[in-house]
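Source file target-v5.pdb; content: PDB, C-alpha atoms and all ligand atoms.
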ATOM      1  CA  MET N   1      42.650  33.970  20.448
ATOM      2  CA  ARG N   2      39.492  32.897  18.622
ATOM      3  CA  ASN N   3      41.563  30.802  16.197
ATOM      4  CA  ILE N   4      43.501  29.187  19.000
ATOM      5  CA  LEU N   5      40.332  28.315  20.871
ATOM      6  CA  ASP N   6      38.651  26.941  17.709
ATOM      7  CA  ARG N   7      41.607  24.677  16.960
ATOM      8  CA  ASN N   8      41.716  23.618  20.587
ATOM      9  CA  GLN N   9      38.003  22.771  20.462
ATOM     10  CA  ASN N  10      38.359  20.591  17.351
ATOM     11  CA  ARG N  11      41.131  18.533  18.909
ATOM     12  CA  ALA N  12      39.230  18.336  22.211
ATOM     13  CA  ASN N  13      36.247  16.880  20.343
ATOM     14  CA  GLU N  14      38.528  14.183  18.851
ATOM     15  CA  VAL N  15      39.945  13.344  22.290
ATOM     16  CA  ARG N  16      36.408  13.149  23.738
ATOM     17  CA  ARG N  17      35.278  10.805  20.942
ATOM     18  CA  LEU N  18      38.228   8.491  21.497
ATOM     19  CA  LEU N  19      37.748   8.374  25.264
ATOM     20  CA  ALA N  20      34.020   7.731  24.825
ATOM     21  CA  GLU N  21      34.726   4.797  22.499
ATOM     22  CA  GLU N  22      36.995   3.279  25.137
ATOM     23  CA  LYS N  23      34.643   4.262  27.998
ATOM     24  CA  VAL N  24      37.392   6.100  29.834
ATOM     25  CA  LEU N  25      36.245   9.011  32.001
ATOM     26  CA  MET N  26      38.549  12.044  31.941
ATOM     27  CA  VAL N  27      38.480  14.532  34.811
ATOM     28  CA  ASN N  28      40.251  17.883  34.467
ATOM     29  CA  ILE N  29      41.319  19.151  37.905
ATOM     30  CA  ILE N  30      41.818  22.911  38.097
ATOM     31  CA  SER N  31      42.858  25.226  40.928
ATOM     32  CA  SER N  32      45.234  28.022  41.752
ATOM     33  CA  PRO N  33      48.768  26.944  42.760
ATOM     34  CA  GLY N  34      48.845  25.074  46.038
ATOM     35  CA  ALA N  35      45.102  24.626  46.643
ATOM     36  CA  GLY N  36      45.695  20.890  47.014
ATOM     37  CA  LYS N  37      45.263  19.121  43.644
ATOM     38  CA  THR N  38      48.130  16.678  44.144
ATOM     39  CA  THR N  39      47.187  16.019  47.767
ATOM     40  CA  LEU N  40      43.618  15.325  46.611
ATOM     41  CA  LEU N  41      44.999  12.879  44.035
ATOM     42  CA  GLU N  42      47.136  11.185  46.678
ATOM     43  CA  ARG N  43      44.078  10.676  48.899
ATOM     44  CA  THR N  44      41.854   9.650  45.982
ATOM     45  CA  LEU N  45      44.349   7.133  44.624
ATOM     46  CA  GLY N  46      44.861   5.751  48.127
ATOM     47  CA  GLU N  47      41.132   4.980  48.251
ATOM     48  CA  LEU N  48      40.182   4.155  44.653
ATOM     49  CA  ASN N  49      43.315   2.525  43.277
ATOM     50  CA  THR N  50      42.100  -0.973  44.119
ATOM     51  CA  LYS N  51      38.545  -0.326  42.859
ATOM     52  CA  PHE N  52      39.191   1.312  39.486
ATOM     53  CA  ARG N  53      41.880   1.295  36.800
ATOM     54  CA  ILE N  54      43.311   4.815  36.999
ATOM     55  CA  GLY N  55      45.726   6.798  34.846
ATOM     56  CA  ILE N  56      47.184  10.247  35.554
ATOM     57  CA  ILE N  57      48.242  13.129  33.337
ATOM     58  CA  GLU N  58      50.341  15.561  35.371
ATOM     59  CA  GLY N  59      50.511  19.076  33.936
ATOM     60  CA  ASP N  60      53.397  21.037  35.358
ATOM     61  CA  ILE N  61      55.308  24.028  34.109
ATOM     62  CA  THR N  62      58.768  22.662  34.632
ATOM     63  CA  THR N  63      59.316  19.987  37.322
ATOM     64  CA  ASP N  64      58.313  16.360  37.762
ATOM     65  CA  ARG N  65      57.688  16.773  41.487
ATOM     66  CA  ASP N  66      53.946  16.084  41.462
ATOM     67  CA  ALA N  67      54.361  13.075  39.150
ATOM     68  CA  ARG N  68      56.964  11.695  41.561
ATOM     69  CA  ARG N  69      54.603  12.141  44.507
ATOM     70  CA  LEU N  70      52.145   9.803  42.768
ATOM     71  CA  GLN N  71      54.682   7.189  41.659
ATOM     72  CA  LYS N  72      54.140   5.083  44.775
ATOM     73  CA  PHE N  73      50.722   4.035  43.469
ATOM     74  CA  ASN N  74      52.241   2.110  40.547
ATOM     75  CA  ILE N  75      49.748   3.363  38.000
ATOM     76  CA  PRO N  76      50.388   4.846  34.547
ATOM     77  CA  ILE N  77      51.429   8.503  34.905
ATOM     78  CA  THR N  78      52.359  10.770  32.018
ATOM     79  CA  LEU N  79      53.972  14.111  32.714
ATOM     80  CA  ILE N  80      53.449  17.113  30.464
ATOM     81  CA  ASN N  81      55.857  19.996  31.072
ATOM     82  CA  THR N  82      54.386  23.112  29.508
ATOM     83  CA  GLU N  83      57.782  24.924  29.611
ATOM     84  CA  GLY N  84      56.234  28.143  30.866
ATOM     85  CA  GLY N  85      52.709  27.634  29.532
ATOM     86  CA  CYS N  86      50.064  28.449  32.132
ATOM     87  CA  HIS N  87      47.536  25.749  31.102
ATOM     88  CA  LEU N  88      47.214  22.438  29.291
ATOM     89  CA  ASP N  89      45.508  22.332  25.904
ATOM     90  CA  SER N  90      43.849  19.563  23.916
ATOM     91  CA  HIS N  91      46.841  19.188  21.569
ATOM     92  CA  SER N  92      49.151  18.275  24.442
ATOM     93  CA  ILE N  93      46.570  15.790  25.776
ATOM     94  CA  SER N  94      46.023  14.268  22.350
ATOM     95  CA  LYS N  95      49.789  13.782  21.905
ATOM     96  CA  VAL N  96      50.175  11.794  25.132
ATOM     97  CA  LEU N  97      47.000   9.679  24.973
ATOM     98  CA  ASP N  98      48.868   6.855  23.237
ATOM     99  CA  THR N  99      51.180   6.529  26.246
ATOM    100  CA  PHE N 100      48.161   4.841  27.895
ATOM    101  CA  SER N 101      46.486   1.567  27.076
ATOM    102  CA  LEU N 102      42.982   3.062  27.099
ATOM    103  CA  LYS N 103      41.186  -0.270  27.053
ATOM    104  CA  ASP N 104      42.838  -1.029  30.404
ATOM    105  CA  LEU N 105      41.638   2.182  32.104
ATOM    106  CA  ASP N 106      38.383   3.394  33.700
ATOM    107  CA  VAL N 107      39.435   6.955  34.421
ATOM    108  CA  ILE N 108      42.206   9.469  33.721
ATOM    109  CA  PHE N 109      42.666  12.295  36.197
ATOM    110  CA  VAL N 110      44.383  15.314  34.675
ATOM    111  CA  GLU N 111      46.112  17.695  37.086
ATOM    112  CA  ASN N 112      46.166  20.981  35.230
ATOM    113  CA  VAL N 113      48.802  23.670  35.756
ATOM    114  CA  GLY N 114      48.091  25.671  38.932
ATOM    115  CA  ASN N 115      46.087  28.644  37.678
ATOM    116  CA  LEU N 116      42.517  29.724  38.372
ATOM    117  CA  VAL N 117      41.953  31.497  35.054
ATOM    118  CA  CYS N 118      43.451  30.132  31.808
ATOM    119  CA  PRO N 119      42.868  26.378  32.274
ATOM    120  CA  SER N 120      39.114  26.899  32.436
ATOM    121  CA  GLN N 121      39.132  28.346  28.902
ATOM    122  CA  PHE N 122      40.683  25.263  27.319
ATOM    123  CA  ASP N 123      38.571  22.177  26.759
ATOM    124  CA  LEU N 124      40.877  19.141  26.929
ATOM    125  CA  GLY N 125      38.243  16.655  25.791
ATOM    126  CA  GLU N 126      37.453  15.856  29.416
ATOM    127  CA  ASN N 127      34.076  14.635  30.638
ATOM    128  CA  PHE N 128      34.086  17.376  33.224
ATOM    129  CA  LYS N 129      36.162  19.907  35.121
ATOM    130  CA  LEU N 130      36.618  19.877  38.880
ATOM    131  CA  ALA N 131      37.248  23.164  40.656
ATOM    132  CA  VAL N 132      39.482  22.908  43.713
ATOM    133  CA  VAL N 133      39.735  25.990  45.917
ATOM    134  CA  SER N 134      41.194  26.305  49.394
ATOM    135  CA  THR N 135      39.996  28.302  52.376
ATOM    136  CA  ALA N 136      43.379  30.045  52.678
ATOM    137  CA  GLU N 137      42.717  31.817  49.353
ATOM    138  CA  GLY N 138      39.734  33.723  50.778
ATOM    139  CA  ASP N 139      35.984  33.173  50.484
ATOM    140  CA  ASP N 140      35.650  35.519  47.488
ATOM    141  CA  LYS N 141      37.327  33.359  44.837
ATOM    142  CA  PRO N 142      34.163  32.051  43.103
ATOM    143  CA  ALA N 143      32.843  35.614  42.796
ATOM    144  CA  LYS N 144      36.143  36.970  41.475
ATOM    145  CA  TYR N 145      36.977  34.074  39.130
ATOM    146  CA  PRO N 146      33.510  32.827  38.145
ATOM    147  CA  MET N 147      34.334  31.065  34.873
ATOM    148  CA  LEU N 148      35.789  27.926  36.426
ATOM    149  CA  PHE N 149      32.982  27.722  38.976
ATOM    150  CA  ARG N 150      30.374  28.044  36.221
ATOM    151  CA  GLU N 151      31.996  25.338  34.114
ATOM    152  CA  ALA N 152      32.847  22.826  36.844
ATOM    153  CA  ARG N 153      30.748  19.733  37.578
ATOM    154  CA  ALA N 154      31.726  19.925  41.258
ATOM    155  CA  VAL N 155      33.613  22.219  43.609
ATOM    156  CA  LEU N 156      36.027  20.882  46.199
ATOM    157  CA  LEU N 157      36.596  23.398  48.973
ATOM    158  CA  ASN N 158      39.844  22.184  50.521
ATOM    159  CA  LYS N 159      41.740  23.013  53.729
ATOM    160  CA  VAL N 160      38.656  23.445  55.930
ATOM    161  CA  ASP N 161      41.003  22.585  58.820
ATOM    162  CA  LEU N 162      42.553  26.040  58.356
ATOM    163  CA  ILE N 163      39.292  27.999  58.735
ATOM    164  CA  PRO N 164      39.938  28.905  62.410
ATOM    165  CA  TYR N 165      43.172  30.639  61.375
ATOM    166  CA  THR N 166      41.698  32.670  58.490
ATOM    167  CA  ASN N 167      38.903  35.161  57.900
ATOM    168  CA  PHE N 168      37.186  32.715  55.529
ATOM    169  CA  ARG N 169      33.383  32.877  55.978
ATOM    170  CA  MET N 170      31.553  29.801  54.749
ATOM    171  CA  LEU N 171      28.299  31.753  54.413
ATOM    172  CA  ASN N 172      29.895  34.258  51.997
ATOM    173  CA  PHE N 173      31.418  31.451  49.952
ATOM    174  CA  ARG N 174      28.145  29.504  49.802
ATOM    175  CA  LYS N 175      26.106  32.610  48.899
ATOM    176  CA  ASP N 176      28.414  33.451  45.998
ATOM    177  CA  MET N 177      28.394  29.821  44.800
ATOM    178  CA  GLU N 178      24.571  29.862  44.871
ATOM    179  CA  LYS N 179      24.585  32.851  42.521
ATOM    180  CA  ILE N 180      27.230  31.483  40.165
ATOM    181  CA  ASN N 181      26.214  27.853  39.929
ATOM    182  CA  ARG N 182      23.550  26.496  42.243
ATOM    183  CA  ASN N 183      23.288  23.106  40.571
ATOM    184  CA  ILE N 184      26.599  21.525  41.449
ATOM    185  CA  PRO N 185      27.801  19.783  44.602
ATOM    186  CA  VAL N 186      30.269  21.589  46.850
ATOM    187  CA  PHE N 187      32.383  19.248  48.973
ATOM    188  CA  GLU N 188      34.026  20.662  52.089
ATOM    189  CA  LEU N 189      37.309  18.800  52.508
ATOM    190  CA  SER N 190      40.537  18.639  54.332
ATOM    191  CA  CYS N 191      42.793  16.476  52.234
ATOM    192  CA  THR N 192      45.385  16.386  55.000
ATOM    193  CA  ARG N 193      43.086  15.762  58.012
ATOM    194  CA  GLY N 194      40.558  13.690  56.078
ATOM    195  CA  ASP N 195      37.327  15.709  56.583
ATOM    196  CA  GLY N 196      34.670  15.135  53.937
ATOM    197  CA  LEU N 197      36.651  12.636  51.876
ATOM    198  CA  GLY N 198      34.067   9.855  52.192
ATOM    199  CA  ALA N 199      31.400  11.895  50.383
ATOM    200  CA  TRP N 200      33.894  12.861  47.667
ATOM    201  CA  PHE N 201      35.001   9.241  47.129
ATOM    202  CA  GLU N 202      31.367   8.172  46.840
ATOM    203  CA  TRP N 203      30.513  10.896  44.345
ATOM    204  CA  ILE N 204      33.541  10.349  42.076
ATOM    205  CA  SER N 205      33.102   6.557  42.240
ATOM    206  CA  SER N 206      29.517   6.968  40.995
ATOM    207  CA  ARG N 207      30.680   9.130  38.080
ATOM    208  CA  ILE N 208      33.302   6.529  37.062
ATOM    209  CA  THR N 209      30.871   3.603  37.365
ATOM    210  CA  GLU N 210      28.171   5.491  35.448
ATOM    211  CA  ASN N 211      30.625   6.094  32.590
ATOM    212  CA  CYS N 212      31.795   2.458  32.522
ATOM    213  CA  ASN N 213      28.160   1.243  32.325
ATOM    214  CA  ARG N 214      27.106   3.683  29.608
ATOM    215  CA  GLU N 215      25.630   2.064  26.481
TER     216      GLU N 215
HETATM  217  N1  LIG N 301      46.278  22.477  56.107
HETATM  218  C1  LIG N 301      46.086  21.848  54.959
HETATM  219  N2  LIG N 301      47.066  21.788  54.046
HETATM  220  C2  LIG N 301      46.837  21.139  52.887
HETATM  221  C3  LIG N 301      45.599  20.502  52.591
HETATM  222  N3  LIG N 301      45.667  19.960  51.358
HETATM  223  C4  LIG N 301      46.901  20.228  50.906
HETATM  224  N4  LIG N 301      47.619  20.935  51.814
HETATM  225  C5  LIG N 301      49.007  21.419  51.719
HETATM  226  O1  LIG N 301      49.022  22.484  50.779
HETATM  227  C6  LIG N 301      50.265  22.470  50.063
HETATM  228  C7  LIG N 301      49.982  22.422  48.554
HETATM  229  O2  LIG N 301      49.326  21.197  48.250
HETATM  230  P1  LIG N 301      49.450  20.502  46.815
HETATM  231  O3  LIG N 301      48.602  19.290  46.858
HETATM  232  O4  LIG N 301      50.868  20.355  46.430
HETATM  233  O5  LIG N 301      48.765  21.617  45.904
HETATM  234  P2  LIG N 301      48.626  21.675  44.323
HETATM  235  O6  LIG N 301      47.317  22.318  44.019
HETATM  236  O7  LIG N 301      48.875  20.327  43.745
HETATM  237  O8  LIG N 301      49.823  22.664  43.967
HETATM  238  P3  LIG N 301      50.415  22.992  42.470
HETATM  239  O9  LIG N 301      50.543  21.695  41.750
HETATM  240  O10 LIG N 301      51.726  23.631  42.762
HETATM  241  O11 LIG N 301      49.441  23.932  41.840
HETATM  242  C8  LIG N 301      51.032  21.244  50.562
HETATM  243  O12 LIG N 301      51.949  21.673  51.542
HETATM  244  C9  LIG N 301      49.948  20.368  51.164
HETATM  245  O13 LIG N 301      50.409  19.540  52.190
HETATM  246  C10 LIG N 301      44.565  20.570  53.588
HETATM  247  O14 LIG N 301      43.445  20.070  53.435
HETATM  248  N5  LIG N 301      44.865  21.261  54.735
HETATM  249 MG    MG N 302      50.197  19.769  42.284
END
For the file at hand, write its structure as structure tokens.
Ligand SMILES: Nc1nc2c(ncn2[C@@H]2O[C@H](COP(=O)(O)OP(=O)(O)OP(=O)(O)O)[C@@H](O)[C@H]2O)c(=O)[nH]1
Ligand SMILES: [Mg+2]
Amino acid sequence: MRNILDRNQNRANEVRRLLAEEKVLMVNIISSPGAGKTTLLERTLGELNTKFRIGIIEGDITTDRDARRLQKFNIPITLINTEGGCHLDSHSISKVLDTFSLKDLDVIFVENVGNLVCPSQFDLGENFKLAVVSTAEGDDKPAKYPMLFREARAVLLNKVDLIPYTNFRMLNFRKDMEKINRNIPVFELSCTRGDGLGAWFEWISSRITENCNRE
């Protein structure tokens, strides 16, 4: 495992160097299956597609369904099928980077394979990880799966529209997040109903602009 992670880290460093040279921000989106990564991308592309030059890497075990959902935006999308693998690694990212014209992009969003554990162990060369978690999974997920929530630059708590139908307690979730990582923003969203999306769009737009303007 140590060897695998070391090799992954070396390749991730190469990817990060290349993206930095081209001033392309890479965001690694991680959640358990079904928390809403693709829906978040649909909403985010709907808003930011005209403001930034966006590319997508879709990580999926076997189908091209998520990639197809994003096709309507007419942006470069590369699909990686892991053929059973439960996470993306930096080698797979490095192999597909030349499918993009990096000088024509501001940001690449990577949708990782749905899994709350393994993807957080593998650096892809991204600028940062985003943790997406949904209210239907229970309010205890940060406490039970802390690694992702420690590593992430922001947490997107999705499906707040479902709270009345669950036993999700915002106070419990917030208290656990405070203990695990008090320094990152937590956005409360409903990607279907639209709650909270304005604040998310503003935050991610600032990160992209900041990276474009870096010396
Ligand atoms: N009620 C509700 N449903 C949502 C919300 N966001 C997404 N969904 C639904 O949740 C289901 C899963 O959403 P996806 O966006 O496909 O989730 P995902 O994380 O991309 O799933 P995988 O790629 O399979 O890991 C879909 O039926 C969405 O319509 C939300 O904010 N509220
Ligand atoms: Mg998806």
Within 9 Å of ligand LIG 301 (chain N), counting all atoms listed in the file, residues as an MDAnalysis selection string: chainID N and resid 30:42 58:60 65:66 111:115 132:136 157:162 189:195
What separation in Å, quoted to one decimal, exists between CA of Phe52 (chain N) and CA of Ile75 (chain N)? 10.9 Å
Go through region 100-164 of chain N and flag each residue having an atom no more than 10 Å from region 6-16 of chain N; for those, report the closest pair of atoms plus their distance in Å to one decimal, using all atoms listed in the file, ordered by chain and rising number, as a Markdown table.
| residue | atom | partner | partner_atom | distance |
| --- | --- | --- | --- | --- |
| N:Gln121 | CA | N:Asn8 | CA | 9.9 |
| N:Phe122 | CA | N:Asn8 | CA | 7.0 |
| N:Asp123 | CA | N:Ala12 | CA | 6.0 |
| N:Leu124 | CA | N:Ala12 | CA | 5.1 |
| N:Gly125 | CA | N:Ala12 | CA | 4.1 |
| N:Glu126 | CA | N:Arg16 | CA | 6.4 |
| N:Asn127 | CA | N:Arg16 | CA | 7.4 |
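Atom pair CA of Arg53 (chain N) / CA of Leu148 (chain N): separated by 27.3 Å.
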Evaluate the PyMOL selection byres (((chain N and resi 138) around 10) and not hetatm) against this structure - the residues, as a PyMOL selection string, please. chain N and resi 133-137+139-142+163+166-170+172-173
What does the file look like for those residues with C-alpha atoms, as a compact mmCIF listing (two decimals), keeping the file's coordinate frame?
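As a result, result.txt now contains:
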# COMPACT_ATOMS: atom_id res chain seq x y z
CA VAL N 133 39.74 25.99 45.92
CA SER N 134 41.19 26.30 49.39
CA THR N 135 40.00 28.30 52.38
CA ALA N 136 43.38 30.04 52.68
CA GLU N 137 42.72 31.82 49.35
CA ASP N 139 35.98 33.17 50.48
CA ASP N 140 35.65 35.52 47.49
CA LYS N 141 37.33 33.36 44.84
CA PRO N 142 34.16 32.05 43.10
CA ILE N 163 39.29 28.00 58.74
CA THR N 166 41.70 32.67 58.49
CA ASN N 167 38.90 35.16 57.90
CA PHE N 168 37.19 32.72 55.53
CA ARG N 169 33.38 32.88 55.98
CA MET N 170 31.55 29.80 54.75
CA ASN N 172 29.90 34.26 52.00
CA PHE N 173 31.42 31.45 49.95
